[in-house]
file data-v2.pdb (PDB, N, CA and C atoms)
MODEL        1
ATOM      1  N   MET K   1       0.851  -1.186   0.000  1.00  0.00           N
ATOM      2  CA  MET K   1       0.000   0.000   0.000  1.00  0.00           C
ATOM      3  C   MET K   1       0.891   1.241   0.000  1.00  0.00           C
ATOM      4  N   PRO K   2       0.629   2.178  -0.908  1.00  0.00           N
ATOM      5  CA  PRO K   2       1.474   3.369  -0.968  1.00  0.00           C
ATOM      6  C   PRO K   2       1.211   4.322   0.199  1.00  0.00           C
ATOM      7  N   THR K   3       2.240   5.057   0.563  1.00  0.00           N
ATOM      8  CA  THR K   3       2.107   6.114   1.558  1.00  0.00           C
ATOM      9  C   THR K   3       1.365   7.263   0.906  1.00  0.00           C
ATOM     10  N   GLU K   4       0.452   7.880   1.626  1.00  0.00           N
ATOM     11  CA  GLU K   4      -0.348   8.962   1.049  1.00  0.00           C
ATOM     12  C   GLU K   4      -0.533  10.052   2.086  1.00  0.00           C
ATOM     13  N   PHE K   5      -0.400  11.306   1.665  1.00  0.00           N
ATOM     14  CA  PHE K   5      -0.791  12.417   2.516  1.00  0.00           C
ATOM     15  C   PHE K   5      -1.381  13.515   1.655  1.00  0.00           C
ATOM     16  N   LYS K   6      -2.182  14.368   2.282  1.00  0.00           N
ATOM     17  CA  LYS K   6      -2.996  15.335   1.572  1.00  0.00           C
ATOM     18  C   LYS K   6      -2.717  16.724   2.119  1.00  0.00           C
ATOM     19  N   ARG K   7      -2.661  17.703   1.242  1.00  0.00           N
ATOM     20  CA  ARG K   7      -2.481  19.101   1.624  1.00  0.00           C
ATOM     21  C   ARG K   7      -3.462  19.961   0.840  1.00  0.00           C
ATOM     22  N   LYS K   8      -3.945  21.040   1.450  1.00  0.00           N
ATOM     23  CA  LYS K   8      -4.803  21.975   0.732  1.00  0.00           C
ATOM     24  C   LYS K   8      -3.949  22.845  -0.185  1.00  0.00           C
ATOM     25  N   LEU K   9      -4.485  23.162  -1.325  1.00  0.00           N
ATOM     26  CA  LEU K   9      -3.848  24.073  -2.256  1.00  0.00           C
ATOM     27  C   LEU K   9      -4.728  25.309  -2.319  1.00  0.00           C
ATOM     28  N   TYR K  10      -4.183  26.454  -1.995  1.00  0.00           N
ATOM     29  CA  TYR K  10      -4.967  27.673  -2.049  1.00  0.00           C
ATOM     30  C   TYR K  10      -4.087  28.825  -2.481  1.00  0.00           C
ATOM     31  N   LYS K  11      -4.727  29.817  -3.078  1.00  0.00           N
ATOM     32  CA  LYS K  11      -4.020  30.976  -3.596  1.00  0.00           C
ATOM     33  C   LYS K  11      -3.642  31.908  -2.456  1.00  0.00           C
ATOM     34  N   ARG K  12      -2.427  32.417  -2.508  1.00  0.00           N
ATOM     35  CA  ARG K  12      -1.958  33.391  -1.522  1.00  0.00           C
ATOM     36  C   ARG K  12      -1.227  34.472  -2.298  1.00  0.00           C
ATOM     37  N   GLY K  13      -1.919  35.591  -2.521  1.00  0.00           N
ATOM     38  CA  GLY K  13      -1.344  36.652  -3.344  1.00  0.00           C
ATOM     39  C   GLY K  13      -1.258  36.182  -4.786  1.00  0.00           C
ATOM     40  N   SER K  14      -0.089  36.264  -5.375  1.00  0.00           N
ATOM     41  CA  SER K  14       0.074  35.841  -6.767  1.00  0.00           C
ATOM     42  C   SER K  14       0.634  34.433  -6.883  1.00  0.00           C
ATOM     43  N   SER K  15       0.735  33.710  -5.763  1.00  0.00           N
ATOM     44  CA  SER K  15       1.268  32.352  -5.799  1.00  0.00           C
ATOM     45  C   SER K  15       0.301  31.407  -5.088  1.00  0.00           C
ATOM     46  N   PHE K  16       0.672  30.164  -5.000  1.00  0.00           N
ATOM     47  CA  PHE K  16      -0.147  29.166  -4.334  1.00  0.00           C
ATOM     48  C   PHE K  16       0.591  28.631  -3.127  1.00  0.00           C
ATOM     49  N   GLU K  17      -0.136  28.381  -2.057  1.00  0.00           N
ATOM     50  CA  GLU K  17       0.431  27.770  -0.861  1.00  0.00           C
ATOM     51  C   GLU K  17       0.524  26.270  -1.119  1.00  0.00           C
ATOM     52  N   THR K  18       1.541  25.633  -0.688  1.00  0.00           N
ATOM     53  CA  THR K  18       1.948  24.248  -0.960  1.00  0.00           C
ATOM     54  C   THR K  18       2.873  24.337  -2.163  1.00  0.00           C
ATOM     55  N   THR K  19       4.021  23.783  -2.028  1.00  0.00           N
ATOM     56  CA  THR K  19       5.046  23.936  -3.052  1.00  0.00           C
ATOM     57  C   THR K  19       4.774  22.997  -4.219  1.00  0.00           C
ATOM     58  N   ILE K  20       4.074  23.522  -5.203  1.00  0.00           N
ATOM     59  CA  ILE K  20       3.771  22.800  -6.430  1.00  0.00           C
ATOM     60  C   ILE K  20       4.200  23.708  -7.587  1.00  0.00           C
ATOM     61  N   PRO K  21       5.066  23.242  -8.485  1.00  0.00           N
ATOM     62  CA  PRO K  21       5.470  24.076  -9.622  1.00  0.00           C
ATOM     63  C   PRO K  21       4.265  24.442 -10.499  1.00  0.00           C
ATOM     64  N   MET K  22       4.187  25.674 -10.933  1.00  0.00           N
ATOM     65  CA  MET K  22       3.064  26.163 -11.730  1.00  0.00           C
ATOM     66  C   MET K  22       2.796  25.335 -12.989  1.00  0.00           C
ATOM     67  N   PRO K  23       3.802  24.803 -13.694  1.00  0.00           N
ATOM     68  CA  PRO K  23       3.471  24.001 -14.879  1.00  0.00           C
ATOM     69  C   PRO K  23       2.614  22.773 -14.567  1.00  0.00           C
ATOM     70  N   LEU K  24       2.647  22.279 -13.335  1.00  0.00           N
ATOM     71  CA  LEU K  24       1.794  21.156 -12.966  1.00  0.00           C
ATOM     72  C   LEU K  24       0.347  21.583 -12.738  1.00  0.00           C
ATOM     73  N   LEU K  25       0.106  22.867 -12.606  1.00  0.00           N
ATOM     74  CA  LEU K  25      -1.222  23.383 -12.284  1.00  0.00           C
ATOM     75  C   LEU K  25      -1.971  23.927 -13.502  1.00  0.00           C
ATOM     76  N   PHE K  26      -1.384  23.851 -14.697  1.00  0.00           N
ATOM     77  CA  PHE K  26      -1.977  24.508 -15.859  1.00  0.00           C
ATOM     78  C   PHE K  26      -3.367  23.980 -16.194  1.00  0.00           C
ATOM     79  N   ALA K  27      -3.681  22.736 -15.897  1.00  0.00           N
ATOM     80  CA  ALA K  27      -4.973  22.156 -16.255  1.00  0.00           C
ATOM     81  C   ALA K  27      -6.050  22.393 -15.191  1.00  0.00           C
ATOM     82  N   LEU K  28      -5.694  23.001 -14.058  1.00  0.00           N
ATOM     83  CA  LEU K  28      -6.659  23.212 -12.977  1.00  0.00           C
ATOM     84  C   LEU K  28      -7.410  24.517 -13.157  1.00  0.00           C
ATOM     85  N   ASP K  29      -8.659  24.529 -12.700  1.00  0.00           N
ATOM     86  CA  ASP K  29      -9.462  25.742 -12.696  1.00  0.00           C
ATOM     87  C   ASP K  29      -9.013  26.586 -11.506  1.00  0.00           C
ATOM     88  N   LYS K  30      -8.465  27.748 -11.758  1.00  0.00           N
ATOM     89  CA  LYS K  30      -7.900  28.579 -10.687  1.00  0.00           C
ATOM     90  C   LYS K  30      -8.962  29.220  -9.799  1.00  0.00           C
ATOM     91  N   ASP K  31     -10.240  29.111 -10.188  1.00  0.00           N
ATOM     92  CA  ASP K  31     -11.316  29.633  -9.355  1.00  0.00           C
ATOM     93  C   ASP K  31     -11.794  28.608  -8.322  1.00  0.00           C
ATOM     94  N   LYS K  32     -11.324  27.375  -8.419  1.00  0.00           N
ATOM     95  CA  LYS K  32     -11.712  26.327  -7.485  1.00  0.00           C
ATOM     96  C   LYS K  32     -10.576  26.042  -6.508  1.00  0.00           C
ATOM     97  N   LYS K  33     -10.919  25.406  -5.395  1.00  0.00           N
ATOM     98  CA  LYS K  33      -9.927  24.997  -4.404  1.00  0.00           C
ATOM     99  C   LYS K  33      -9.691  23.501  -4.528  1.00  0.00           C
ATOM    100  N   TYR K  34      -8.462  23.079  -4.212  1.00  0.00           N
ATOM    101  CA  TYR K  34      -8.082  21.684  -4.369  1.00  0.00           C
ATOM    102  C   TYR K  34      -7.285  21.200  -3.160  1.00  0.00           C
ATOM    103  N   ASN K  35      -7.359  19.913  -2.917  1.00  0.00           N
ATOM    104  CA  ASN K  35      -6.420  19.229  -2.048  1.00  0.00           C
ATOM    105  C   ASN K  35      -5.360  18.628  -2.956  1.00  0.00           C
ATOM    106  N   VAL K  36      -4.140  18.637  -2.519  1.00  0.00           N
ATOM    107  CA  VAL K  36      -3.061  17.994  -3.251  1.00  0.00           C
ATOM    108  C   VAL K  36      -2.740  16.708  -2.507  1.00  0.00           C
ATOM    109  N   ILE K  37      -2.774  15.590  -3.206  1.00  0.00           N
ATOM    110  CA  ILE K  37      -2.512  14.294  -2.608  1.00  0.00           C
ATOM    111  C   ILE K  37      -1.169  13.798  -3.112  1.00  0.00           C
ATOM    112  N   PHE K  38      -0.251  13.576  -2.188  1.00  0.00           N
ATOM    113  CA  PHE K  38       1.079  13.062  -2.503  1.00  0.00           C
ATOM    114  C   PHE K  38       1.084  11.574  -2.204  1.00  0.00           C
ATOM    115  N   LEU K  39       1.434  10.759  -3.187  1.00  0.00           N
ATOM    116  CA  LEU K  39       1.464   9.312  -3.027  1.00  0.00           C
ATOM    117  C   LEU K  39       2.877   8.803  -3.255  1.00  0.00           C
ATOM    118  N   PHE K  40       3.369   7.972  -2.353  1.00  0.00           N
ATOM    119  CA  PHE K  40       4.682   7.368  -2.531  1.00  0.00           C
ATOM    120  C   PHE K  40       4.499   5.873  -2.715  1.00  0.00           C
ATOM    121  N   ASP K  41       4.993   5.348  -3.817  1.00  0.00           N
ATOM    122  CA  ASP K  41       4.939   3.917  -4.095  1.00  0.00           C
ATOM    123  C   ASP K  41       6.304   3.326  -3.781  1.00  0.00           C
ATOM    124  N   ALA K  42       6.386   2.564  -2.698  1.00  0.00           N
ATOM    125  CA  ALA K  42       7.660   1.993  -2.262  1.00  0.00           C
ATOM    126  C   ALA K  42       8.184   0.944  -3.240  1.00  0.00           C
ATOM    127  N   ASP K  43       7.288   0.293  -3.984  1.00  0.00           N
ATOM    128  CA  ASP K  43       7.721  -0.726  -4.946  1.00  0.00           C
ATOM    129  C   ASP K  43       8.552  -0.121  -6.078  1.00  0.00           C
ATOM    130  N   THR K  44       8.121   1.051  -6.560  1.00  0.00           N
ATOM    131  CA  THR K  44       8.844   1.705  -7.662  1.00  0.00           C
ATOM    132  C   THR K  44       9.731   2.839  -7.170  1.00  0.00           C
ATOM    133  N   ASN K  45       9.612   3.175  -5.874  1.00  0.00           N
ATOM    134  CA  ASN K  45      10.388   4.263  -5.272  1.00  0.00           C
ATOM    135  C   ASN K  45      10.115   5.601  -5.975  1.00  0.00           C
ATOM    136  N   LYS K  46       8.818   5.870  -6.268  1.00  0.00           N
ATOM    137  CA  LYS K  46       8.421   7.100  -6.959  1.00  0.00           C
ATOM    138  C   LYS K  46       7.285   7.785  -6.211  1.00  0.00           C
ATOM    139  N   TRP K  47       7.251   9.118  -6.336  1.00  0.00           N
ATOM    140  CA  TRP K  47       6.167   9.934  -5.798  1.00  0.00           C
ATOM    141  C   TRP K  47       5.199  10.274  -6.929  1.00  0.00           C
ATOM    142  N   TYR K  48       3.919  10.326  -6.600  1.00  0.00           N
ATOM    143  CA  TYR K  48       2.884  10.731  -7.542  1.00  0.00           C
ATOM    144  C   TYR K  48       2.070  11.846  -6.890  1.00  0.00           C
ATOM    145  N   ILE K  49       1.527  12.740  -7.718  1.00  0.00           N
ATOM    146  CA  ILE K  49       0.725  13.860  -7.225  1.00  0.00           C
ATOM    147  C   ILE K  49      -0.640  13.809  -7.898  1.00  0.00           C
ATOM    148  N   LYS K  50      -1.711  13.907  -7.069  1.00  0.00           N
ATOM    149  CA  LYS K  50      -3.068  13.982  -7.590  1.00  0.00           C
ATOM    150  C   LYS K  50      -3.712  15.256  -7.031  1.00  0.00           C
ATOM    151  N   PHE K  51      -4.656  15.793  -7.767  1.00  0.00           N
ATOM    152  CA  PHE K  51      -5.418  16.963  -7.327  1.00  0.00           C
ATOM    153  C   PHE K  51      -6.859  16.572  -7.167  1.00  0.00           C
ATOM    154  N   GLU K  52      -7.434  16.898  -5.995  1.00  0.00           N
ATOM    155  CA  GLU K  52      -8.803  16.532  -5.663  1.00  0.00           C
ATOM    156  C   GLU K  52      -9.580  17.823  -5.386  1.00  0.00           C
ATOM    157  N   PRO K  53     -10.634  18.104  -6.154  1.00  0.00           N
ATOM    158  CA  PRO K  53     -11.406  19.324  -5.894  1.00  0.00           C
ATOM    159  C   PRO K  53     -12.058  19.277  -4.514  1.00  0.00           C
ATOM    160  N   ILE K  54     -12.103  20.422  -3.854  1.00  0.00           N
ATOM    161  CA  ILE K  54     -12.759  20.542  -2.552  1.00  0.00           C
ATOM    162  C   ILE K  54     -14.217  20.920  -2.821  1.00  0.00           C
ATOM    163  N   GLU K  55     -15.122  20.115  -2.286  1.00  0.00           N
ATOM    164  CA  GLU K  55     -16.547  20.347  -2.477  1.00  0.00           C
ATOM    165  C   GLU K  55     -16.991  21.565  -1.663  1.00  0.00           C
ATOM    166  N   ASN K  56     -17.761  22.448  -2.279  1.00  0.00           N
ATOM    167  CA  ASN K  56     -18.334  23.586  -1.551  1.00  0.00           C
ATOM    168  C   ASN K  56     -19.525  23.099  -0.751  1.00  0.00           C
ATOM    169  N   LYS K  57     -19.615  23.535   0.491  1.00  0.00           N
ATOM    170  CA  LYS K  57     -20.722  23.100   1.350  1.00  0.00           C
ATOM    171  C   LYS K  57     -21.779  24.155   1.409  1.00  0.00           C
TER
ENDMDL
END
call {"tool": "encode", "arguments": {"input": "data-v2.pdb", "output": "C-alpha cells"}}
result
Amino acid sequence: MPTEFKRKLYKRGSSFETTIPMPLLFALDKDKKYNVIFLFDADTNKWYIKFEPIENK
C-alpha cells in the first residue's frame, strides 16, 4: 500500500500555498480549491501527485 498524505492548495497573493510548480497546475481551474494528494509507491520508489477538488458546502 502506498504512503499517502494530503495538503490543501490555495491561492496566496500571486502564488499558491503548498510547493507545487506552476506548470503542474496549468490544467486546474484557478477559481476552485483543491487538495493535493502526494502518493509514494515503495515498490517503484516514486512519488505521484493527484489533485482533488474541494466540495463547496
call {"tool": "residues_near_point", "arguments": {"input": "data-v2.pdb", "point": "(-4.7, 25.6, -0.9)", "cutoff": "12 Å", "atoms": "only C-alpha atoms", "output": "ChimeraX atom specification"}}
result
/K:6-13,15-20,30-37,51-54
call {"tool": "write_last_selection", "arguments": {"input": "data-v2.pdb", "atoms": "N, CA and C atoms", "output": "PDB file, in the coordinates of the input"}}
result
ATOM      1  N   LYS K   6      -2.182  14.368   2.282  1.00  0.00           N
ATOM      2  CA  LYS K   6      -2.996  15.335   1.572  1.00  0.00           C
ATOM      3  C   LYS K   6      -2.717  16.724   2.119  1.00  0.00           C
ATOM      4  N   ARG K   7      -2.661  17.703   1.242  1.00  0.00           N
ATOM      5  CA  ARG K   7      -2.481  19.101   1.624  1.00  0.00           C
ATOM      6  C   ARG K   7      -3.462  19.961   0.840  1.00  0.00           C
ATOM      7  N   LYS K   8      -3.945  21.040   1.450  1.00  0.00           N
ATOM      8  CA  LYS K   8      -4.803  21.975   0.732  1.00  0.00           C
ATOM      9  C   LYS K   8      -3.949  22.845  -0.185  1.00  0.00           C
ATOM     10  N   LEU K   9      -4.485  23.162  -1.325  1.00  0.00           N
ATOM     11  CA  LEU K   9      -3.848  24.073  -2.256  1.00  0.00           C
ATOM     12  C   LEU K   9      -4.728  25.309  -2.319  1.00  0.00           C
ATOM     13  N   TYR K  10      -4.183  26.454  -1.995  1.00  0.00           N
ATOM     14  CA  TYR K  10      -4.967  27.673  -2.049  1.00  0.00           C
ATOM     15  C   TYR K  10      -4.087  28.825  -2.481  1.00  0.00           C
ATOM     16  N   LYS K  11      -4.727  29.817  -3.078  1.00  0.00           N
ATOM     17  CA  LYS K  11      -4.020  30.976  -3.596  1.00  0.00           C
ATOM     18  C   LYS K  11      -3.642  31.908  -2.456  1.00  0.00           C
ATOM     19  N   ARG K  12      -2.427  32.417  -2.508  1.00  0.00           N
ATOM     20  CA  ARG K  12      -1.958  33.391  -1.522  1.00  0.00           C
ATOM     21  C   ARG K  12      -1.227  34.472  -2.298  1.00  0.00           C
ATOM     22  N   GLY K  13      -1.919  35.591  -2.521  1.00  0.00           N
ATOM     23  CA  GLY K  13      -1.344  36.652  -3.344  1.00  0.00           C
ATOM     24  C   GLY K  13      -1.258  36.182  -4.786  1.00  0.00           C
ATOM     25  N   SER K  15       0.735  33.710  -5.763  1.00  0.00           N
ATOM     26  CA  SER K  15       1.268  32.352  -5.799  1.00  0.00           C
ATOM     27  C   SER K  15       0.301  31.407  -5.088  1.00  0.00           C
ATOM     28  N   PHE K  16       0.672  30.164  -5.000  1.00  0.00           N
ATOM     29  CA  PHE K  16      -0.147  29.166  -4.334  1.00  0.00           C
ATOM     30  C   PHE K  16       0.591  28.631  -3.127  1.00  0.00           C
ATOM     31  N   GLU K  17      -0.136  28.381  -2.057  1.00  0.00           N
ATOM     32  CA  GLU K  17       0.431  27.770  -0.861  1.00  0.00           C
ATOM     33  C   GLU K  17       0.524  26.270  -1.119  1.00  0.00           C
ATOM     34  N   THR K  18       1.541  25.633  -0.688  1.00  0.00           N
ATOM     35  CA  THR K  18       1.948  24.248  -0.960  1.00  0.00           C
ATOM     36  C   THR K  18       2.873  24.337  -2.163  1.00  0.00           C
ATOM     37  N   THR K  19       4.021  23.783  -2.028  1.00  0.00           N
ATOM     38  CA  THR K  19       5.046  23.936  -3.052  1.00  0.00           C
ATOM     39  C   THR K  19       4.774  22.997  -4.219  1.00  0.00           C
ATOM     40  N   ILE K  20       4.074  23.522  -5.203  1.00  0.00           N
ATOM     41  CA  ILE K  20       3.771  22.800  -6.430  1.00  0.00           C
ATOM     42  C   ILE K  20       4.200  23.708  -7.587  1.00  0.00           C
ATOM     43  N   LYS K  30      -8.465  27.748 -11.758  1.00  0.00           N
ATOM     44  CA  LYS K  30      -7.900  28.579 -10.687  1.00  0.00           C
ATOM     45  C   LYS K  30      -8.962  29.220  -9.799  1.00  0.00           C
ATOM     46  N   ASP K  31     -10.240  29.111 -10.188  1.00  0.00           N
ATOM     47  CA  ASP K  31     -11.316  29.633  -9.355  1.00  0.00           C
ATOM     48  C   ASP K  31     -11.794  28.608  -8.322  1.00  0.00           C
ATOM     49  N   LYS K  32     -11.324  27.375  -8.419  1.00  0.00           N
ATOM     50  CA  LYS K  32     -11.712  26.327  -7.485  1.00  0.00           C
ATOM     51  C   LYS K  32     -10.576  26.042  -6.508  1.00  0.00           C
ATOM     52  N   LYS K  33     -10.919  25.406  -5.395  1.00  0.00           N
ATOM     53  CA  LYS K  33      -9.927  24.997  -4.404  1.00  0.00           C
ATOM     54  C   LYS K  33      -9.691  23.501  -4.528  1.00  0.00           C
ATOM     55  N   TYR K  34      -8.462  23.079  -4.212  1.00  0.00           N
ATOM     56  CA  TYR K  34      -8.082  21.684  -4.369  1.00  0.00           C
ATOM     57  C   TYR K  34      -7.285  21.200  -3.160  1.00  0.00           C
ATOM     58  N   ASN K  35      -7.359  19.913  -2.917  1.00  0.00           N
ATOM     59  CA  ASN K  35      -6.420  19.229  -2.048  1.00  0.00           C
ATOM     60  C   ASN K  35      -5.360  18.628  -2.956  1.00  0.00           C
ATOM     61  N   VAL K  36      -4.140  18.637  -2.519  1.00  0.00           N
ATOM     62  CA  VAL K  36      -3.061  17.994  -3.251  1.00  0.00           C
ATOM     63  C   VAL K  36      -2.740  16.708  -2.507  1.00  0.00           C
ATOM     64  N   ILE K  37      -2.774  15.590  -3.206  1.00  0.00           N
ATOM     65  CA  ILE K  37      -2.512  14.294  -2.608  1.00  0.00           C
ATOM     66  C   ILE K  37      -1.169  13.798  -3.112  1.00  0.00           C
ATOM     67  N   PHE K  51      -4.656  15.793  -7.767  1.00  0.00           N
ATOM     68  CA  PHE K  51      -5.418  16.963  -7.327  1.00  0.00           C
ATOM     69  C   PHE K  51      -6.859  16.572  -7.167  1.00  0.00           C
ATOM     70  N   GLU K  52      -7.434  16.898  -5.995  1.00  0.00           N
ATOM     71  CA  GLU K  52      -8.803  16.532  -5.663  1.00  0.00           C
ATOM     72  C   GLU K  52      -9.580  17.823  -5.386  1.00  0.00           C
ATOM     73  N   PRO K  53     -10.634  18.104  -6.154  1.00  0.00           N
ATOM     74  CA  PRO K  53     -11.406  19.324  -5.894  1.00  0.00           C
ATOM     75  C   PRO K  53     -12.058  19.277  -4.514  1.00  0.00           C
ATOM     76  N   ILE K  54     -12.103  20.422  -3.854  1.00  0.00           N
ATOM     77  CA  ILE K  54     -12.759  20.542  -2.552  1.00  0.00           C
ATOM     78  C   ILE K  54     -14.217  20.920  -2.821  1.00  0.00           C
TER      79      ILE K  54
END
call {"tool": "atom_distance", "arguments": {"input": "data-v2.pdb", "atom1": "atom N of Phe26 of chain K", "atom2": "atom CA of Ile49 of chain K"}}
result
12.7 Å
call {"tool": "select_by_dssp", "arguments": {"input": "data-v2.pdb", "residues": "chain K", "states": "strand (DSSP E or B)", "output": "PyMOL selection string"}}
result
chain K and resi 3-12+15-17+34-41+46-53
call {"tool": "atom_distance", "arguments": {"input": "data-v2.pdb", "atom1": "atom C of Lys50 of chain K", "atom2": "atom CA of Phe38 of chain K"}}
result
6.9 Å
call {"tool": "atom_distance", "arguments": {"input": "data-v2.pdb", "atom1": "atom CA of Asn56 of chain K", "atom2": "atom CA of Phe40 of chain K"}}
result
28.2 Å
call {"tool": "build_atoms", "arguments": {"input": "data-v2.pdb", "residues": "segment 21-34 of chain K", "atoms": "N, CA, C and O atoms", "output": "PDB file, keeping the file's coordinate frame"}}
result
ATOM      1  N   PRO K  21       5.066  23.242  -8.485  1.00  0.00           N
ATOM      2  CA  PRO K  21       5.470  24.076  -9.622  1.00  0.00           C
ATOM      3  C   PRO K  21       4.265  24.442 -10.499  1.00  0.00           C
ATOM      4  O   PRO K  21       3.399  23.605 -10.756  1.00  0.00           O
ATOM      5  N   MET K  22       4.187  25.674 -10.933  1.00  0.00           N
ATOM      6  CA  MET K  22       3.064  26.163 -11.730  1.00  0.00           C
ATOM      7  C   MET K  22       2.796  25.335 -12.989  1.00  0.00           C
ATOM      8  O   MET K  22       1.632  25.139 -13.340  1.00  0.00           O
ATOM      9  N   PRO K  23       3.802  24.803 -13.694  1.00  0.00           N
ATOM     10  CA  PRO K  23       3.471  24.001 -14.879  1.00  0.00           C
ATOM     11  C   PRO K  23       2.614  22.773 -14.567  1.00  0.00           C
ATOM     12  O   PRO K  23       1.886  22.292 -15.428  1.00  0.00           O
ATOM     13  N   LEU K  24       2.647  22.279 -13.335  1.00  0.00           N
ATOM     14  CA  LEU K  24       1.794  21.156 -12.966  1.00  0.00           C
ATOM     15  C   LEU K  24       0.347  21.583 -12.738  1.00  0.00           C
ATOM     16  O   LEU K  24      -0.549  20.757 -12.693  1.00  0.00           O
ATOM     17  N   LEU K  25       0.106  22.867 -12.606  1.00  0.00           N
ATOM     18  CA  LEU K  25      -1.222  23.383 -12.284  1.00  0.00           C
ATOM     19  C   LEU K  25      -1.971  23.927 -13.502  1.00  0.00           C
ATOM     20  O   LEU K  25      -3.092  24.396 -13.361  1.00  0.00           O
ATOM     21  N   PHE K  26      -1.384  23.851 -14.697  1.00  0.00           N
ATOM     22  CA  PHE K  26      -1.977  24.508 -15.859  1.00  0.00           C
ATOM     23  C   PHE K  26      -3.367  23.980 -16.194  1.00  0.00           C
ATOM     24  O   PHE K  26      -4.192  24.726 -16.709  1.00  0.00           O
ATOM     25  N   ALA K  27      -3.681  22.736 -15.897  1.00  0.00           N
ATOM     26  CA  ALA K  27      -4.973  22.156 -16.255  1.00  0.00           C
ATOM     27  C   ALA K  27      -6.050  22.393 -15.191  1.00  0.00           C
ATOM     28  O   ALA K  27      -7.197  22.035 -15.405  1.00  0.00           O
ATOM     29  N   LEU K  28      -5.694  23.001 -14.058  1.00  0.00           N
ATOM     30  CA  LEU K  28      -6.659  23.212 -12.977  1.00  0.00           C
ATOM     31  C   LEU K  28      -7.410  24.517 -13.157  1.00  0.00           C
ATOM     32  O   LEU K  28      -6.873  25.495 -13.673  1.00  0.00           O
ATOM     33  N   ASP K  29      -8.659  24.529 -12.700  1.00  0.00           N
ATOM     34  CA  ASP K  29      -9.462  25.742 -12.696  1.00  0.00           C
ATOM     35  C   ASP K  29      -9.013  26.586 -11.506  1.00  0.00           C
ATOM     36  O   ASP K  29      -9.176  26.181 -10.356  1.00  0.00           O
ATOM     37  N   LYS K  30      -8.465  27.748 -11.758  1.00  0.00           N
ATOM     38  CA  LYS K  30      -7.900  28.579 -10.687  1.00  0.00           C
ATOM     39  C   LYS K  30      -8.962  29.220  -9.799  1.00  0.00           C
ATOM     40  O   LYS K  30      -8.642  29.799  -8.778  1.00  0.00           O
ATOM     41  N   ASP K  31     -10.240  29.111 -10.188  1.00  0.00           N
ATOM     42  CA  ASP K  31     -11.316  29.633  -9.355  1.00  0.00           C
ATOM     43  C   ASP K  31     -11.794  28.608  -8.322  1.00  0.00           C
ATOM     44  O   ASP K  31     -12.599  28.930  -7.463  1.00  0.00           O
ATOM     45  N   LYS K  32     -11.324  27.375  -8.419  1.00  0.00           N
ATOM     46  CA  LYS K  32     -11.712  26.327  -7.485  1.00  0.00           C
ATOM     47  C   LYS K  32     -10.576  26.042  -6.508  1.00  0.00           C
ATOM     48  O   LYS K  32      -9.433  26.371  -6.769  1.00  0.00           O
ATOM     49  N   LYS K  33     -10.919  25.406  -5.395  1.00  0.00           N
ATOM     50  CA  LYS K  33      -9.927  24.997  -4.404  1.00  0.00           C
ATOM     51  C   LYS K  33      -9.691  23.501  -4.528  1.00  0.00           C
ATOM     52  O   LYS K  33     -10.600  22.749  -4.875  1.00  0.00           O
ATOM     53  N   TYR K  34      -8.462  23.079  -4.212  1.00  0.00           N
ATOM     54  CA  TYR K  34      -8.082  21.684  -4.369  1.00  0.00           C
ATOM     55  C   TYR K  34      -7.285  21.200  -3.160  1.00  0.00           C
ATOM     56  O   TYR K  34      -6.621  21.982  -2.491  1.00  0.00           O
TER      57      TYR K  34
END
